[in-house]
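Q: One file: input.txt (compact mmCIF, N, CA and C atoms).
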# COMPACT_ATOMS: atom_id res chain seq x y z
N MET A 13 13.17 -2.67 14.74
CA MET A 13 12.33 -3.84 14.57
C MET A 13 10.87 -3.42 14.51
N ASN A 14 10.13 -4.09 13.68
CA ASN A 14 8.72 -3.78 13.51
C ASN A 14 7.94 -4.34 14.70
N LEU A 15 7.37 -3.44 15.49
CA LEU A 15 6.64 -3.82 16.70
C LEU A 15 5.39 -4.64 16.38
N GLN A 16 4.81 -4.39 15.22
CA GLN A 16 3.57 -5.09 14.84
C GLN A 16 3.79 -6.59 14.67
N LYS A 17 4.99 -6.98 14.26
CA LYS A 17 5.29 -8.40 14.08
C LYS A 17 5.34 -9.15 15.40
N VAL A 18 5.55 -8.44 16.48
CA VAL A 18 5.63 -9.07 17.80
C VAL A 18 4.30 -8.95 18.53
N VAL A 19 3.67 -7.78 18.43
CA VAL A 19 2.46 -7.51 19.21
C VAL A 19 1.27 -8.35 18.74
N LEU A 20 1.07 -8.50 17.44
CA LEU A 20 -0.10 -9.23 16.95
C LEU A 20 -0.12 -10.71 17.37
N PRO A 21 0.99 -11.45 17.24
CA PRO A 21 0.94 -12.83 17.73
C PRO A 21 0.72 -12.92 19.25
N ILE A 22 1.33 -12.02 20.00
CA ILE A 22 1.12 -12.02 21.45
C ILE A 22 -0.33 -11.72 21.77
N LEU A 23 -0.92 -10.76 21.05
CA LEU A 23 -2.33 -10.43 21.25
C LEU A 23 -3.23 -11.62 20.92
N GLY A 24 -2.90 -12.37 19.86
CA GLY A 24 -3.67 -13.56 19.52
C GLY A 24 -3.62 -14.61 20.62
N VAL A 25 -2.43 -14.83 21.20
CA VAL A 25 -2.29 -15.80 22.29
C VAL A 25 -3.08 -15.34 23.51
N VAL A 26 -3.03 -14.03 23.80
CA VAL A 26 -3.78 -13.50 24.95
C VAL A 26 -5.28 -13.68 24.75
N VAL A 27 -5.76 -13.41 23.53
CA VAL A 27 -7.20 -13.58 23.25
C VAL A 27 -7.62 -15.04 23.45
N VAL A 28 -6.81 -15.96 22.95
CA VAL A 28 -7.13 -17.39 23.10
C VAL A 28 -7.09 -17.78 24.58
N ALA A 29 -6.10 -17.29 25.32
CA ALA A 29 -6.00 -17.62 26.75
C ALA A 29 -7.18 -17.07 27.54
N VAL A 30 -7.58 -15.85 27.26
CA VAL A 30 -8.73 -15.25 27.95
C VAL A 30 -10.01 -15.99 27.58
N ALA A 31 -10.14 -16.39 26.34
CA ALA A 31 -11.33 -17.14 25.92
C ALA A 31 -11.38 -18.50 26.61
N TYR A 32 -10.23 -19.16 26.77
CA TYR A 32 -10.21 -20.44 27.47
C TYR A 32 -10.58 -20.25 28.94
N ARG A 33 -10.02 -19.23 29.55
CA ARG A 33 -10.27 -18.97 30.98
C ARG A 33 -11.75 -18.65 31.23
N ALA A 34 -12.35 -17.90 30.30
CA ALA A 34 -13.74 -17.47 30.50
C ALA A 34 -14.75 -18.53 30.05
N TYR A 35 -14.51 -19.20 28.91
CA TYR A 35 -15.54 -20.08 28.34
C TYR A 35 -15.07 -21.50 28.07
N GLY A 36 -13.85 -21.84 28.41
CA GLY A 36 -13.36 -23.19 28.18
C GLY A 36 -13.01 -23.41 26.72
N TRP A 37 -13.14 -24.68 26.29
CA TRP A 37 -12.75 -25.02 24.92
C TRP A 37 -13.67 -24.42 23.88
N GLY A 38 -14.90 -24.16 24.23
CA GLY A 38 -15.82 -23.47 23.31
C GLY A 38 -15.34 -22.05 23.02
N GLY A 39 -14.83 -21.38 24.05
CA GLY A 39 -14.27 -20.03 23.86
C GLY A 39 -13.03 -20.05 23.00
N VAL A 40 -12.19 -21.09 23.18
CA VAL A 40 -10.99 -21.22 22.34
C VAL A 40 -11.39 -21.40 20.88
N ALA A 41 -12.38 -22.25 20.63
CA ALA A 41 -12.84 -22.46 19.26
C ALA A 41 -13.37 -21.17 18.65
N LEU A 42 -14.11 -20.40 19.43
CA LEU A 42 -14.65 -19.13 18.95
C LEU A 42 -13.52 -18.12 18.69
N ALA A 43 -12.57 -18.03 19.59
CA ALA A 43 -11.46 -17.08 19.43
C ALA A 43 -10.58 -17.46 18.23
N VAL A 44 -10.25 -18.73 18.09
CA VAL A 44 -9.44 -19.17 16.96
C VAL A 44 -10.21 -18.97 15.66
N GLY A 45 -11.50 -19.23 15.67
CA GLY A 45 -12.33 -18.99 14.48
C GLY A 45 -12.33 -17.52 14.09
N GLY A 46 -12.41 -16.63 15.07
CA GLY A 46 -12.36 -15.18 14.79
C GLY A 46 -11.01 -14.76 14.23
N ILE A 47 -9.94 -15.30 14.78
CA ILE A 47 -8.59 -14.96 14.30
C ILE A 47 -8.40 -15.46 12.87
N VAL A 48 -8.83 -16.68 12.60
CA VAL A 48 -8.71 -17.23 11.25
C VAL A 48 -9.56 -16.43 10.27
N MET A 49 -10.74 -16.00 10.67
CA MET A 49 -11.60 -15.19 9.80
C MET A 49 -10.93 -13.86 9.47
N TRP A 50 -10.31 -13.23 10.46
CA TRP A 50 -9.59 -11.96 10.24
C TRP A 50 -8.44 -12.17 9.25
N MET A 51 -7.70 -13.26 9.42
CA MET A 51 -6.58 -13.54 8.52
C MET A 51 -7.08 -13.80 7.09
N LEU A 52 -8.19 -14.52 6.95
CA LEU A 52 -8.74 -14.78 5.62
C LEU A 52 -9.25 -13.50 4.95
N LEU A 53 -9.85 -12.61 5.72
CA LEU A 53 -10.30 -11.34 5.16
C LEU A 53 -9.11 -10.51 4.67
N HIS A 54 -8.04 -10.48 5.45
CA HIS A 54 -6.83 -9.75 5.05
C HIS A 54 -6.22 -10.37 3.79
N PHE A 55 -6.15 -11.69 3.75
CA PHE A 55 -5.59 -12.38 2.60
C PHE A 55 -6.44 -12.13 1.35
N THR A 56 -7.75 -12.16 1.48
CA THR A 56 -8.65 -11.93 0.36
C THR A 56 -8.48 -10.51 -0.18
N ARG A 57 -8.37 -9.54 0.72
CA ARG A 57 -8.17 -8.15 0.29
C ARG A 57 -6.85 -8.02 -0.46
N MET A 58 -5.80 -8.63 0.05
CA MET A 58 -4.50 -8.56 -0.60
C MET A 58 -4.55 -9.19 -1.99
N MET A 59 -5.19 -10.33 -2.12
CA MET A 59 -5.29 -10.99 -3.41
C MET A 59 -6.11 -10.17 -4.41
N LYS A 60 -7.16 -9.51 -3.95
CA LYS A 60 -7.99 -8.68 -4.82
C LYS A 60 -7.20 -7.48 -5.33
N VAL A 61 -6.42 -6.85 -4.46
CA VAL A 61 -5.59 -5.72 -4.88
C VAL A 61 -4.56 -6.17 -5.91
N LEU A 62 -3.93 -7.31 -5.68
CA LEU A 62 -2.93 -7.81 -6.63
C LEU A 62 -3.57 -8.24 -7.95
N GLN A 63 -4.78 -8.77 -7.89
CA GLN A 63 -5.48 -9.16 -9.12
C GLN A 63 -5.80 -7.92 -9.97
N ARG A 64 -6.27 -6.86 -9.33
CA ARG A 64 -6.55 -5.62 -10.07
C ARG A 64 -5.27 -5.03 -10.64
N ALA A 65 -4.19 -5.10 -9.88
CA ALA A 65 -2.92 -4.53 -10.33
C ALA A 65 -2.33 -5.32 -11.49
N SER A 66 -2.64 -6.60 -11.57
CA SER A 66 -2.08 -7.41 -12.66
C SER A 66 -2.69 -7.07 -14.01
N ASN A 67 -3.83 -6.40 -14.02
CA ASN A 67 -4.49 -6.05 -15.27
C ASN A 67 -4.05 -4.69 -15.82
N ARG A 68 -3.12 -4.01 -15.14
CA ARG A 68 -2.66 -2.69 -15.56
C ARG A 68 -1.16 -2.72 -15.82
N PRO A 69 -0.66 -1.76 -16.61
CA PRO A 69 0.80 -1.69 -16.82
C PRO A 69 1.52 -1.32 -15.52
N VAL A 70 2.74 -1.80 -15.39
CA VAL A 70 3.54 -1.51 -14.20
C VAL A 70 3.89 -0.02 -14.18
N GLY A 71 3.65 0.62 -13.05
CA GLY A 71 4.02 2.02 -12.88
C GLY A 71 3.07 3.01 -13.50
N TYR A 72 1.85 2.62 -13.84
CA TYR A 72 0.89 3.52 -14.47
C TYR A 72 -0.19 3.92 -13.47
N VAL A 73 -0.58 5.18 -13.51
CA VAL A 73 -1.69 5.68 -12.70
C VAL A 73 -2.51 6.62 -13.58
N ASP A 74 -3.80 6.71 -13.32
CA ASP A 74 -4.65 7.58 -14.13
C ASP A 74 -4.25 9.04 -14.01
N SER A 75 -4.01 9.52 -12.78
CA SER A 75 -3.63 10.91 -12.55
C SER A 75 -2.62 10.98 -11.41
N ALA A 76 -1.41 11.40 -11.73
CA ALA A 76 -0.37 11.51 -10.71
C ALA A 76 -0.71 12.62 -9.72
N VAL A 77 -1.37 13.68 -10.18
CA VAL A 77 -1.73 14.79 -9.30
C VAL A 77 -2.75 14.32 -8.25
N MET A 78 -3.73 13.54 -8.66
CA MET A 78 -4.72 13.02 -7.71
C MET A 78 -4.09 12.04 -6.73
N LEU A 79 -3.16 11.22 -7.22
CA LEU A 79 -2.46 10.31 -6.33
C LEU A 79 -1.67 11.10 -5.29
N ASN A 80 -1.01 12.15 -5.73
CA ASN A 80 -0.25 12.99 -4.81
C ASN A 80 -1.15 13.58 -3.72
N ALA A 81 -2.36 13.97 -4.09
CA ALA A 81 -3.28 14.56 -3.12
C ALA A 81 -3.81 13.53 -2.12
N LYS A 82 -3.91 12.28 -2.53
CA LYS A 82 -4.48 11.24 -1.66
C LYS A 82 -3.47 10.60 -0.72
N LEU A 83 -2.18 10.70 -1.02
CA LEU A 83 -1.18 10.01 -0.22
C LEU A 83 -1.05 10.61 1.18
N GLN A 84 -0.78 9.74 2.14
CA GLN A 84 -0.57 10.14 3.53
C GLN A 84 0.61 9.35 4.07
N PRO A 85 1.40 9.97 4.95
CA PRO A 85 2.54 9.22 5.51
C PRO A 85 2.05 8.06 6.37
N GLY A 86 2.78 6.95 6.30
CA GLY A 86 2.46 5.80 7.14
C GLY A 86 1.59 4.75 6.48
N VAL A 87 1.04 5.03 5.29
CA VAL A 87 0.23 4.00 4.63
C VAL A 87 1.16 2.94 4.03
N THR A 88 0.64 1.75 3.84
CA THR A 88 1.46 0.65 3.35
C THR A 88 1.52 0.66 1.82
N LEU A 89 2.47 -0.10 1.30
CA LEU A 89 2.59 -0.24 -0.15
C LEU A 89 1.33 -0.88 -0.73
N LEU A 90 0.74 -1.82 -0.01
CA LEU A 90 -0.50 -2.45 -0.47
C LEU A 90 -1.62 -1.42 -0.60
N HIS A 91 -1.69 -0.47 0.33
CA HIS A 91 -2.71 0.57 0.28
C HIS A 91 -2.50 1.47 -0.93
N VAL A 92 -1.25 1.84 -1.21
CA VAL A 92 -0.96 2.68 -2.38
C VAL A 92 -1.29 1.91 -3.66
N MET A 93 -0.99 0.62 -3.69
CA MET A 93 -1.33 -0.19 -4.85
C MET A 93 -2.85 -0.27 -5.03
N ALA A 94 -3.58 -0.30 -3.94
CA ALA A 94 -5.05 -0.31 -4.04
C ALA A 94 -5.56 1.01 -4.61
N MET A 95 -4.91 2.13 -4.26
CA MET A 95 -5.33 3.43 -4.79
C MET A 95 -5.01 3.56 -6.27
N THR A 96 -3.84 3.09 -6.69
CA THR A 96 -3.41 3.24 -8.08
C THR A 96 -3.91 2.12 -8.98
N ARG A 97 -4.26 0.98 -8.37
CA ARG A 97 -4.66 -0.23 -9.09
C ARG A 97 -3.55 -0.70 -10.04
N ALA A 98 -2.30 -0.45 -9.64
CA ALA A 98 -1.15 -0.88 -10.45
C ALA A 98 0.06 -1.07 -9.54
N LEU A 99 0.94 -1.97 -9.95
CA LEU A 99 2.21 -2.11 -9.26
C LEU A 99 3.06 -0.90 -9.59
N GLY A 100 3.88 -0.47 -8.65
CA GLY A 100 4.77 0.65 -8.92
C GLY A 100 6.03 0.18 -9.61
N GLU A 101 6.62 1.06 -10.41
CA GLU A 101 7.89 0.77 -11.05
C GLU A 101 8.99 0.98 -10.01
N GLN A 102 9.72 -0.07 -9.69
CA GLN A 102 10.73 0.04 -8.64
C GLN A 102 11.95 0.79 -9.18
N VAL A 103 12.29 1.90 -8.49
CA VAL A 103 13.39 2.75 -8.89
C VAL A 103 14.66 2.38 -8.13
N SER A 104 14.53 1.99 -6.89
CA SER A 104 15.69 1.65 -6.06
C SER A 104 16.14 0.21 -6.36
N PRO A 105 17.38 -0.12 -5.99
CA PRO A 105 17.82 -1.52 -6.16
C PRO A 105 16.98 -2.46 -5.29
N LYS A 106 16.81 -3.70 -5.75
CA LYS A 106 15.99 -4.66 -5.01
C LYS A 106 16.62 -4.97 -3.65
N GLU A 107 15.76 -5.24 -2.68
CA GLU A 107 16.16 -5.64 -1.33
C GLU A 107 17.00 -4.59 -0.63
N GLN A 108 16.81 -3.31 -0.96
CA GLN A 108 17.56 -2.24 -0.30
C GLN A 108 16.56 -1.25 0.28
N GLN A 109 16.81 -0.83 1.52
CA GLN A 109 15.95 0.15 2.18
C GLN A 109 16.56 1.53 2.02
N PRO A 110 15.81 2.58 1.84
CA PRO A 110 14.37 2.63 1.59
C PRO A 110 14.06 2.22 0.15
N GLU A 111 12.85 1.72 -0.04
CA GLU A 111 12.41 1.32 -1.37
C GLU A 111 11.76 2.50 -2.07
N LEU A 112 12.09 2.70 -3.32
CA LEU A 112 11.51 3.79 -4.11
C LEU A 112 10.68 3.20 -5.24
N TYR A 113 9.44 3.65 -5.36
CA TYR A 113 8.54 3.23 -6.42
C TYR A 113 8.00 4.46 -7.12
N ARG A 114 7.72 4.31 -8.43
CA ARG A 114 7.23 5.44 -9.22
C ARG A 114 5.99 5.03 -9.99
N TRP A 115 5.01 5.95 -9.98
CA TRP A 115 3.80 5.80 -10.78
C TRP A 115 3.71 7.00 -11.72
N THR A 116 3.49 6.75 -13.02
CA THR A 116 3.47 7.80 -14.05
C THR A 116 2.11 7.81 -14.73
N ASP A 117 1.63 9.01 -15.07
CA ASP A 117 0.37 9.10 -15.81
C ASP A 117 0.63 9.39 -17.27
N GLY A 118 -0.42 9.57 -18.05
CA GLY A 118 -0.30 9.76 -19.49
C GLY A 118 0.35 11.07 -19.90
N SER A 119 0.33 12.09 -19.04
CA SER A 119 0.91 13.39 -19.38
C SER A 119 2.38 13.48 -19.06
N GLY A 120 2.97 12.44 -18.50
CA GLY A 120 4.38 12.46 -18.15
C GLY A 120 4.65 12.85 -16.71
N SER A 121 3.63 13.24 -15.97
CA SER A 121 3.79 13.54 -14.55
C SER A 121 3.98 12.23 -13.81
N HIS A 122 4.78 12.26 -12.76
CA HIS A 122 4.95 11.04 -11.98
C HIS A 122 5.12 11.36 -10.50
N VAL A 123 4.76 10.38 -9.69
CA VAL A 123 4.91 10.46 -8.24
C VAL A 123 5.91 9.38 -7.85
N THR A 124 6.97 9.80 -7.14
CA THR A 124 7.96 8.87 -6.64
C THR A 124 7.75 8.75 -5.13
N CYS A 125 7.51 7.53 -4.67
CA CYS A 125 7.21 7.27 -3.25
C CYS A 125 8.37 6.53 -2.60
N GLU A 126 8.68 6.93 -1.38
CA GLU A 126 9.74 6.27 -0.61
C GLU A 126 9.10 5.50 0.54
N PHE A 127 9.38 4.20 0.58
CA PHE A 127 8.84 3.33 1.61
C PHE A 127 9.98 2.81 2.48
N ALA A 128 9.83 2.95 3.78
CA ALA A 128 10.79 2.38 4.73
C ALA A 128 10.05 1.34 5.54
N ASP A 129 10.52 0.10 5.49
CA ASP A 129 9.88 -1.03 6.17
C ASP A 129 8.42 -1.18 5.77
N GLY A 130 8.13 -0.94 4.50
CA GLY A 130 6.79 -1.14 3.98
C GLY A 130 5.82 0.00 4.22
N LYS A 131 6.24 1.07 4.88
CA LYS A 131 5.37 2.22 5.16
C LYS A 131 5.85 3.43 4.38
N LEU A 132 4.91 4.21 3.89
CA LEU A 132 5.22 5.40 3.11
C LEU A 132 5.84 6.47 4.02
N VAL A 133 7.02 6.93 3.65
CA VAL A 133 7.72 7.95 4.43
C VAL A 133 7.54 9.31 3.78
N LYS A 134 7.86 9.39 2.49
CA LYS A 134 7.69 10.65 1.76
C LYS A 134 7.45 10.35 0.29
N TRP A 135 6.97 11.36 -0.41
CA TRP A 135 6.69 11.22 -1.83
C TRP A 135 6.91 12.56 -2.49
N GLU A 136 7.13 12.50 -3.81
CA GLU A 136 7.41 13.72 -4.56
C GLU A 136 6.69 13.66 -5.90
N LEU A 137 6.03 14.75 -6.24
CA LEU A 137 5.32 14.87 -7.51
C LEU A 137 6.21 15.63 -8.50
N PHE A 138 6.35 15.10 -9.70
CA PHE A 138 7.08 15.78 -10.77
C PHE A 138 6.11 16.03 -11.91
N ARG A 139 6.03 17.29 -12.34
CA ARG A 139 5.19 17.64 -13.48
C ARG A 139 6.06 18.28 -14.53
N PRO A 140 6.05 17.76 -15.77
CA PRO A 140 6.89 18.35 -16.81
C PRO A 140 6.40 19.76 -17.15
N GLN A 141 7.35 20.61 -17.48
CA GLN A 141 7.01 21.98 -17.85
C GLN A 141 6.42 22.00 -19.25
N THR A 142 5.35 22.76 -19.42
CA THR A 142 4.75 22.90 -20.75
C THR A 142 5.33 24.15 -21.40
N PRO A 143 5.59 24.10 -22.70
CA PRO A 143 6.10 25.30 -23.38
C PRO A 143 5.08 26.42 -23.35
N PRO A 144 5.50 27.67 -23.32
CA PRO A 144 4.54 28.79 -23.25
C PRO A 144 3.57 28.82 -24.43
N GLU A 145 4.01 28.36 -25.62
CA GLU A 145 3.08 28.37 -26.78
C GLU A 145 1.93 27.40 -26.57
N ALA A 146 2.23 26.26 -25.94
CA ALA A 146 1.19 25.25 -25.74
C ALA A 146 0.22 25.66 -24.63
N ALA A 147 0.69 26.45 -23.69
CA ALA A 147 -0.15 26.84 -22.56
C ALA A 147 -1.12 27.96 -22.94
N ALA A 148 -0.72 28.84 -23.85
CA ALA A 148 -1.58 29.97 -24.24
C ALA A 148 -2.60 29.53 -25.28
N PRO A 149 -3.86 29.97 -25.13
CA PRO A 149 -4.86 29.63 -26.15
C PRO A 149 -4.59 30.41 -27.43
N PRO A 150 -5.01 29.87 -28.57
CA PRO A 150 -4.76 30.57 -29.84
C PRO A 150 -5.56 31.86 -29.92
N ALA A 151 -4.97 32.86 -30.57
CA ALA A 151 -5.64 34.16 -30.73
C ALA A 151 -6.74 34.05 -31.77
N PRO A 152 -7.88 34.75 -31.56
CA PRO A 152 -8.98 34.68 -32.55
C PRO A 152 -8.68 35.45 -33.80
Just give me the structure of the file as structure tokens.

A:
Amino acid sequence: MNLQKVVLPILGVVVVAVAYRAYGWGGVALAVGGIVMWMLLHFTRMMKVLQRASNRPVGYVDSAVMLNAKLQPGVTLLHVMAMTRALGEQVSPKEQQPELYRWTDGSGSHVTCEFADGKLVKWELFRPQTPPEAAAPPAP
């Protein structure tokens, strides 16, 4: 079970209770106002990330190598979408854990990310092999 889903509401109730005990109804209004402001900031950030992602092709990233370098275990899918500015192409079946998403760049390289309960667990970079003729510069 995700501990964050339990701890945050309990923490909100504790903040409101402490505010009431210390400052009365004025403290409750201030605490509830702060909680609502935090929720609105989170919602606005989420909507901005999704708005940017809607303007790009699904599963596209500018550079898969740079994405691979920036990824860290434990980040959320929303954070990865903010880095790529695109929705990932879902590789795994829907509603099945772990979720697999792929982002591909123009050269054919792609990063496949595995998310368990919305958090990044592992990722893998695939780079296509270039033929030896294409890799060597032409002789003068």

Q: Could you write out, as number ranges by chain, all the residues of range 35-138 of chain A that DSSP marks as alpha helix (DSSP H)?

A: A: 35, 37-66, 76-82, 89-96

Q: Which distance in Å separates CA of Val40 in chain A and atom C of Leu20 in chain A, to one decimal?

A: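 Between CA of Val40 in chain A and atom C of Leu20 in chain A the gap works out to 15.9 Å.
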
Q: Calculated over only C-alpha atoms, which of the candidates A:Asn80, A:Thr88, A:Thr124, A:Thr96 has the smallest distance to Arg64 in chain A?

A: A:Thr96

Q: Show me, as a ChimeraX atom specification, the residues that have an atom within 8 Å of Asp129 in chain A when counting only N, CA and C atoms, minus same-chain residues fewer than 6 positions from it.

A: /A:14,88-89,109-111

Q: Write the selection just made, keeping N, CA and C atoms, as a PDB file, in the frame of the given file?

A:
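Generated output (part_28.pdb):
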ATOM      1  N   ASN A  14      10.130  -4.090  13.680  1.00  0.00           N
ATOM      2  CA  ASN A  14       8.720  -3.780  13.510  1.00  0.00           C
ATOM      3  C   ASN A  14       7.940  -4.340  14.700  1.00  0.00           C
ATOM      4  N   THR A  88       0.640   1.750   3.840  1.00  0.00           N
ATOM      5  CA  THR A  88       1.460   0.650   3.350  1.00  0.00           C
ATOM      6  C   THR A  88       1.520   0.660   1.820  1.00  0.00           C
ATOM      7  N   LEU A  89       2.470  -0.100   1.300  1.00  0.00           N
ATOM      8  CA  LEU A  89       2.590  -0.240  -0.150  1.00  0.00           C
ATOM      9  C   LEU A  89       1.330  -0.880  -0.730  1.00  0.00           C
ATOM     10  N   GLN A 109      16.810  -0.830   1.520  1.00  0.00           N
ATOM     11  CA  GLN A 109      15.950   0.150   2.180  1.00  0.00           C
ATOM     12  C   GLN A 109      16.560   1.530   2.020  1.00  0.00           C
ATOM     13  N   PRO A 110      15.810   2.580   1.840  1.00  0.00           N
ATOM     14  CA  PRO A 110      14.370   2.630   1.590  1.00  0.00           C
ATOM     15  C   PRO A 110      14.060   2.220   0.150  1.00  0.00           C
ATOM     16  N   GLU A 111      12.850   1.720  -0.040  1.00  0.00           N
ATOM     17  CA  GLU A 111      12.410   1.320  -1.370  1.00  0.00           C
ATOM     18  C   GLU A 111      11.760   2.500  -2.070  1.00  0.00           C
TER      19      GLU A 111
END

Q: Please return, as a PyMOL selection string, all residues of range 20-121 of chain A that DSSP assigns to strand (DSSP E) on the basis of the backbone.

A: chain A and resi 101-102+111-116

Q: Considering only C-alpha atoms, state which residue in the set A:Gln108, A:Thr142, A:Ser119, A:Thr56 is at the smallest distance from Ser75 in chain A.

A: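 Nearest candidate to Ser75 in chain A out of A:Gln108, A:Thr142, A:Ser119, A:Thr56: A:Ser119.
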
Q: Taking into account only C-alpha atoms, which residue in the set A:Met51, A:Leu15, A:Leu132, A:Val77 is nearest to Gly120 in chain A?

A: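 Checking each of A:Met51, A:Leu15, A:Leu132, A:Val77 against Gly120 in chain A, counting only C-alpha atoms, the winner is A:Val77.
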
Q: Within 8 Å of Met95 in chain A, counting only N, CA and C atoms, which residues show up once you throw out same-chain ones fewer than 2 positions away? Write them as a list in words, please.

A: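 Listing them by chain and then by number gives Val61, Val73, Asp74, Leu79, Leu89, Leu90, His91, Val92, Met93, Arg97 and Ala98 of chain A.
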
Q: Once 4 Å is added on each side, what centre and edge lengths in Å to one decimal does the axis-aligned box around all listed atoms of range 37-52 of chain A have, as AutoDock Vina command-line options?

A:
--center_x -11.2 --center_y -18.5 --center_z 15.6 --size_x 17.2 --size_y 21.1 --size_z 29.3

Q: Could you work out how far CA of Lys131 in chain A lies from CA of Leu53 in chain A, giving the answer in Å with one decimal?

A: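 About the pair CA of Leu53 in chain A and CA of Lys131 in chain A: they are 20.7 Å apart.
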
Q: Kindly give the distance, in Å, that separates atom N of Met49 in chain A and atom N of Ile22 in chain A, rounded to a single decimal.

A: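 Pair atom N of Met49 in chain A / atom N of Ile22 in chain A returns 15.8 Å.
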
Q: Which is closer to Tyr32 in chain A than all the others in A:Met78, A:Pro105, A:Leu62, A:Val44, using only C-alpha atoms?

A: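 For Tyr32 in chain A, the nearest of the given residues is A:Val44.
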
Q: N, CA, C and O atoms are needed for range 81-93 of chain A; please write them out as a JSON list (two decimals), in the coordinates of the input.

A:
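Final output, saved to out.json:
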[["chain", "number", "residue", "atom", "x", "y", "z"],
["A", 81, "ALA", "N", -2.36, 13.97, -4.09],
["A", 81, "ALA", "CA", -3.28, 14.56, -3.12],
["A", 81, "ALA", "C", -3.81, 13.53, -2.12],
["A", 81, "ALA", "O", -4.10, 13.88, -0.98],
["A", 82, "LYS", "N", -3.91, 12.28, -2.53],
["A", 82, "LYS", "CA", -4.48, 11.24, -1.66],
["A", 82, "LYS", "C", -3.47, 10.60, -0.72],
["A", 82, "LYS", "O", -3.85, 9.96, 0.25],
["A", 83, "LEU", "N", -2.18, 10.70, -1.02],
["A", 83, "LEU", "CA", -1.18, 10.01, -0.22],
["A", 83, "LEU", "C", -1.05, 10.61, 1.18],
["A", 83, "LEU", "O", -1.19, 11.82, 1.36],
["A", 84, "GLN", "N", -0.78, 9.74, 2.14],
["A", 84, "GLN", "CA", -0.57, 10.14, 3.53],
["A", 84, "GLN", "C", 0.61, 9.35, 4.07],
["A", 84, "GLN", "O", 0.80, 8.19, 3.72],
["A", 85, "PRO", "N", 1.40, 9.97, 4.95],
["A", 85, "PRO", "CA", 2.54, 9.22, 5.51],
["A", 85, "PRO", "C", 2.05, 8.06, 6.37],
["A", 85, "PRO", "O", 1.03, 8.16, 7.05],
["A", 86, "GLY", "N", 2.78, 6.95, 6.30],
["A", 86, "GLY", "CA", 2.46, 5.80, 7.14],
["A", 86, "GLY", "C", 1.59, 4.75, 6.48],
["A", 86, "GLY", "O", 1.41, 3.68, 7.04],
["A", 87, "VAL", "N", 1.04, 5.03, 5.29],
["A", 87, "VAL", "CA", 0.23, 4.00, 4.63],
["A", 87, "VAL", "C", 1.16, 2.94, 4.03],
["A", 87, "VAL", "O", 2.32, 3.20, 3.76],
["A", 88, "THR", "N", 0.64, 1.75, 3.84],
["A", 88, "THR", "CA", 1.46, 0.65, 3.35],
["A", 88, "THR", "C", 1.52, 0.66, 1.82],
["A", 88, "THR", "O", 0.71, 1.31, 1.16],
["A", 89, "LEU", "N", 2.47, -0.10, 1.30],
["A", 89, "LEU", "CA", 2.59, -0.24, -0.15],
["A", 89, "LEU", "C", 1.33, -0.88, -0.73],
["A", 89, "LEU", "O", 0.87, -0.50, -1.81],
["A", 90, "LEU", "N", 0.74, -1.82, -0.01],
["A", 90, "LEU", "CA", -0.50, -2.45, -0.47],
["A", 90, "LEU", "C", -1.62, -1.42, -0.60],
["A", 90, "LEU", "O", -2.40, -1.45, -1.54],
["A", 91, "HIS", "N", -1.69, -0.47, 0.33],
["A", 91, "HIS", "CA", -2.71, 0.57, 0.28],
["A", 91, "HIS", "C", -2.50, 1.47, -0.93],
["A", 91, "HIS", "O", -3.46, 1.84, -1.62],
["A", 92, "VAL", "N", -1.25, 1.84, -1.21],
["A", 92, "VAL", "CA", -0.96, 2.68, -2.38],
["A", 92, "VAL", "C", -1.29, 1.91, -3.66],
["A", 92, "VAL", "O", -1.84, 2.47, -4.60],
["A", 93, "MET", "N", -0.99, 0.62, -3.69],
["A", 93, "MET", "CA", -1.33, -0.19, -4.85],
["A", 93, "MET", "C", -2.85, -0.27, -5.03],
["A", 93, "MET", "O", -3.34, -0.30, -6.15]]
